[in-house]
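Colleague: Here you go, one structure.
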Amino acid sequence: MADVSHSRGDLSGHPDVQEMRVRYARVLGGRDVALVDGPVFLVGLYCAVSPWILHFTLNQPALAVHNLIMGVAIVVMALGFTANPSRMYGLSWAMCAMGIWLIIAPWIVGTSPDAGVIVNNAVIGGLTCLLGLVCAAAAMRSGRKDRREEMAGRM
């Protein structure tokens, strides 16, 4: 039998150790807001099913379809944030715009909405906009950190 108890040594002497450290930090650096992905998904899911939860599918059919489509779009964005955060966090500003749209949609898409529909969309829109701002701030912070690390790697 082979003796596998001895250690192979560390990587400090490896010629590419600095490049590996920068790459490892870059890969992990994109996950600063991993805790935001779940709430974005849940807000999108609730937005999609809210017409049936609050029972406004019959008196506001256009707004019900609108909320379903917007909810699915938010869920897809949340899945994209999870699957490829470095590319998707650039779309977090679009999520802020979607949140603002959700706030004003009852008056534009709906027909004489009642208070429950207005409050529902205002809360969903506010949360969507807030989570979009958090994602945008994290994207800007990680972008600055990546640029600093890239400049440090060149020196």
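Chains: A, B, ... in order of the structure tokens. Residues: from 1 per chain. Ligands: from 1, in order shown.
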Each residue of range 16-83 of chain A with at least one atom at most 12 Å from range 117-129 of chain A should appear once, together with its nearest atom pair and the corresponding distance in Å (one decimal); atoms considered: only C-alpha atoms; ordering: chain, then increasing residue number; output as JSON lines.

Modeller:
{"residue": "A:Val36", "atom": "CA", "partner": "A:Thr128", "partner_atom": "CA", "distance": 10.9}
{"residue": "A:Asp37", "atom": "CA", "partner": "A:Thr128", "partner_atom": "CA", "distance": 11.6}
{"residue": "A:Pro39", "atom": "CA", "partner": "A:Leu127", "partner_atom": "CA", "distance": 9.1}
{"residue": "A:Val40", "atom": "CA", "partner": "A:Thr128", "partner_atom": "CA", "distance": 7.1}
{"residue": "A:Phe41", "atom": "CA", "partner": "A:Thr128", "partner_atom": "CA", "distance": 10.1}
{"residue": "A:Leu42", "atom": "CA", "partner": "A:Thr128", "partner_atom": "CA", "distance": 10.3}
{"residue": "A:Val43", "atom": "CA", "partner": "A:Ile124", "partner_atom": "CA", "distance": 6.7}
{"residue": "A:Gly44", "atom": "CA", "partner": "A:Thr128", "partner_atom": "CA", "distance": 8.2}
{"residue": "A:Leu45", "atom": "CA", "partner": "A:Ile124", "partner_atom": "CA", "distance": 10.4}
{"residue": "A:Tyr46", "atom": "CA", "partner": "A:Ile124", "partner_atom": "CA", "distance": 8.2}
{"residue": "A:Cys47", "atom": "CA", "partner": "A:Ile124", "partner_atom": "CA", "distance": 6.6}
{"residue": "A:Ala48", "atom": "CA", "partner": "A:Ile124", "partner_atom": "CA", "distance": 10.4}
{"residue": "A:Val49", "atom": "CA", "partner": "A:Asn120", "partner_atom": "CA", "distance": 11.5}
{"residue": "A:Ser50", "atom": "CA", "partner": "A:Asn120", "partner_atom": "CA", "distance": 8.0}
{"residue": "A:Pro51", "atom": "CA", "partner": "A:Val117", "partner_atom": "CA", "distance": 8.5}
{"residue": "A:Trp52", "atom": "CA", "partner": "A:Val117", "partner_atom": "CA", "distance": 11.5}
{"residue": "A:Ile53", "atom": "CA", "partner": "A:Asn120", "partner_atom": "CA", "distance": 10.6}
{"residue": "A:Leu54", "atom": "CA", "partner": "A:Val117", "partner_atom": "CA", "distance": 7.9}
{"residue": "A:His55", "atom": "CA", "partner": "A:Val117", "partner_atom": "CA", "distance": 9.5}
{"residue": "A:Phe56", "atom": "CA", "partner": "A:Val117", "partner_atom": "CA", "distance": 7.5}
{"residue": "A:Thr57", "atom": "CA", "partner": "A:Val117", "partner_atom": "CA", "distance": 10.6}
{"residue": "A:Asn59", "atom": "CA", "partner": "A:Val117", "partner_atom": "CA", "distance": 10.6}
{"residue": "A:Gln60", "atom": "CA", "partner": "A:Val117", "partner_atom": "CA", "distance": 9.1}
{"residue": "A:Leu63", "atom": "CA", "partner": "A:Val117", "partner_atom": "CA", "distance": 9.2}
{"residue": "A:Ala64", "atom": "CA", "partner": "A:Val117", "partner_atom": "CA", "distance": 10.0}
{"residue": "A:His66", "atom": "CA", "partner": "A:Asn121", "partner_atom": "CA", "distance": 10.9}
{"residue": "A:Asn67", "atom": "CA", "partner": "A:Asn121", "partner_atom": "CA", "distance": 8.5}
{"residue": "A:Leu68", "atom": "CA", "partner": "A:Asn121", "partner_atom": "CA", "distance": 11.9}
{"residue": "A:Met70", "atom": "CA", "partner": "A:Gly125", "partner_atom": "CA", "distance": 10.3}
{"residue": "A:Gly71", "atom": "CA", "partner": "A:Ile124", "partner_atom": "CA", "distance": 9.6}
{"residue": "A:Ala73", "atom": "CA", "partner": "A:Thr128", "partner_atom": "CA", "distance": 11.5}
{"residue": "A:Ile74", "atom": "CA", "partner": "A:Thr128", "partner_atom": "CA", "distance": 8.3}
{"residue": "A:Val75", "atom": "CA", "partner": "A:Thr128", "partner_atom": "CA", "distance": 11.0}
{"residue": "A:Met77", "atom": "CA", "partner": "A:Thr128", "partner_atom": "CA", "distance": 11.2}
{"residue": "A:Ala78", "atom": "CA", "partner": "A:Thr128", "partner_atom": "CA", "distance": 10.9}

Colleague: Give the alpha helix (DSSP H) residues of range 9-143 of chain A, as DSSP finds them on the backbone, and put them as a ChimeraX atom specification.

Modeller: /A:17-29,34-53,61-83,85-88,92-108,115-143

Colleague: Please measure the separation of CA of Ala94 in chain A and CA of Thr82 in chain A, giving the value in Å to one decimal.

Modeller: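 Result for CA of Ala94 in chain A versus CA of Thr82 in chain A: 16.5 Å, one decimal.
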
Colleague: Contacts of Thr111 in chain A at 10 Å or less, counting only C-alpha atoms, minus same-chain residues fewer than 2 places along, as a compact mmCIF listing (two decimals) with all heavy atoms, in the first residue's frame?

Modeller:
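Wrote it out as result-v2.txt, contents follow:
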# COMPACT_ATOMS: atom_id res chain seq x y z
N ASN A 59 -62.00 41.51 -11.17
CA ASN A 59 -62.29 42.94 -11.37
C ASN A 59 -61.11 43.71 -11.97
O ASN A 59 -61.28 44.85 -12.39
CB ASN A 59 -62.77 43.59 -10.07
CG ASN A 59 -61.73 43.53 -8.97
OD1 ASN A 59 -60.73 42.86 -9.10
ND2 ASN A 59 -62.00 44.24 -7.89
N GLN A 60 -59.91 43.12 -12.01
CA GLN A 60 -58.73 43.77 -12.62
C GLN A 60 -57.97 42.75 -13.48
O GLN A 60 -56.82 42.42 -13.20
CB GLN A 60 -57.79 44.30 -11.52
CG GLN A 60 -58.35 45.36 -10.62
CD GLN A 60 -58.47 46.69 -11.30
OE1 GLN A 60 -57.80 46.96 -12.30
NE2 GLN A 60 -59.32 47.54 -10.78
N PRO A 61 -58.58 42.23 -14.54
CA PRO A 61 -57.90 41.16 -15.30
C PRO A 61 -56.61 41.62 -15.97
O PRO A 61 -55.63 40.87 -16.03
CB PRO A 61 -58.94 40.73 -16.33
CG PRO A 61 -59.89 41.87 -16.44
CD PRO A 61 -59.89 42.55 -15.10
N ALA A 62 -56.57 42.84 -16.47
CA ALA A 62 -55.34 43.33 -17.11
C ALA A 62 -54.21 43.47 -16.09
O ALA A 62 -53.06 43.11 -16.37
CB ALA A 62 -55.60 44.66 -17.80
N LEU A 63 -54.54 43.95 -14.91
CA LEU A 63 -53.52 44.10 -13.86
C LEU A 63 -53.08 42.74 -13.34
O LEU A 63 -51.91 42.57 -12.97
CB LEU A 63 -54.06 44.97 -12.72
CG LEU A 63 -53.04 45.43 -11.69
CD1 LEU A 63 -51.95 46.26 -12.35
CD2 LEU A 63 -53.74 46.23 -10.60
N PRO A 106 -51.05 50.21 -11.11
CA PRO A 106 -52.50 50.10 -10.88
C PRO A 106 -53.32 51.19 -11.56
O PRO A 106 -54.45 50.96 -11.99
CB PRO A 106 -52.63 50.18 -9.36
CG PRO A 106 -51.35 49.67 -8.84
CD PRO A 106 -50.32 50.13 -9.85
N TRP A 107 -52.77 52.39 -11.67
CA TRP A 107 -53.51 53.48 -12.30
C TRP A 107 -53.37 53.45 -13.83
O TRP A 107 -54.23 53.96 -14.53
CB TRP A 107 -53.02 54.82 -11.77
CG TRP A 107 -53.34 54.99 -10.32
CD1 TRP A 107 -54.55 55.31 -9.79
CD2 TRP A 107 -52.44 54.83 -9.24
NE1 TRP A 107 -54.46 55.35 -8.42
CE2 TRP A 107 -53.16 55.06 -8.06
CE3 TRP A 107 -51.09 54.51 -9.13
CZ2 TRP A 107 -52.60 55.00 -6.80
CZ3 TRP A 107 -50.53 54.43 -7.87
CH2 TRP A 107 -51.28 54.68 -6.73
N ILE A 108 -52.29 52.89 -14.34
CA ILE A 108 -52.07 52.88 -15.78
C ILE A 108 -52.65 51.62 -16.43
O ILE A 108 -53.34 51.71 -17.44
CB ILE A 108 -50.56 53.02 -16.10
CG1 ILE A 108 -50.06 54.37 -15.58
CG2 ILE A 108 -50.29 52.86 -17.58
CD1 ILE A 108 -48.58 54.57 -15.67
N VAL A 109 -52.39 50.48 -15.83
CA VAL A 109 -52.84 49.21 -16.39
C VAL A 109 -54.25 48.87 -15.89
O VAL A 109 -55.08 48.39 -16.65
CB VAL A 109 -51.86 48.07 -16.05
CG1 VAL A 109 -52.35 46.74 -16.56
CG2 VAL A 109 -50.48 48.38 -16.60
N PRO A 113 -58.58 51.10 -9.55
CA PRO A 113 -58.16 50.10 -8.56
C PRO A 113 -58.61 50.49 -7.15
O PRO A 113 -58.72 51.66 -6.82
CB PRO A 113 -56.63 50.12 -8.67
CG PRO A 113 -56.31 51.49 -9.16
CD PRO A 113 -57.46 51.88 -10.05
N ASP A 114 -58.85 49.49 -6.33
CA ASP A 114 -59.22 49.76 -4.94
C ASP A 114 -57.96 49.85 -4.09
O ASP A 114 -56.84 49.63 -4.56
CB ASP A 114 -60.18 48.69 -4.41
CG ASP A 114 -59.59 47.30 -4.40
OD1 ASP A 114 -58.48 47.13 -4.92
OD2 ASP A 114 -60.24 46.39 -3.86

Colleague: Which residue gives the smallest distance to Ala136 in chain A among A:Ala105, A:Ala115, A:Met95, A:Ile100, with only C-alpha atoms counted?

Modeller: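 Nearest candidate to Ala136 in chain A out of A:Ala105, A:Ala115, A:Met95, A:Ile100: A:Met95.
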
Colleague: May I ask for the distance between CA of Leu58 in chain A and CA of Val72 in chain A, given in Å to one decimal place?

Modeller: 20.2 Å

Colleague: State, in Å with one decimal place, the distance from CA of Gly110 in chain A to CA of Met98 in chain A.

Modeller: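 One can read the CA of Gly110 in chain A to CA of Met98 in chain A distance as 16.4 Å.
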
Colleague: Excluding Ser92 in chain A and residues on its chain fewer than 2 positions from it, collect all residues at most 8 Å away from it, counting only C-alpha atoms, and give them as a PyMOL selection string.

Modeller: chain A and resi 88-90+94-96+132-133+135-136
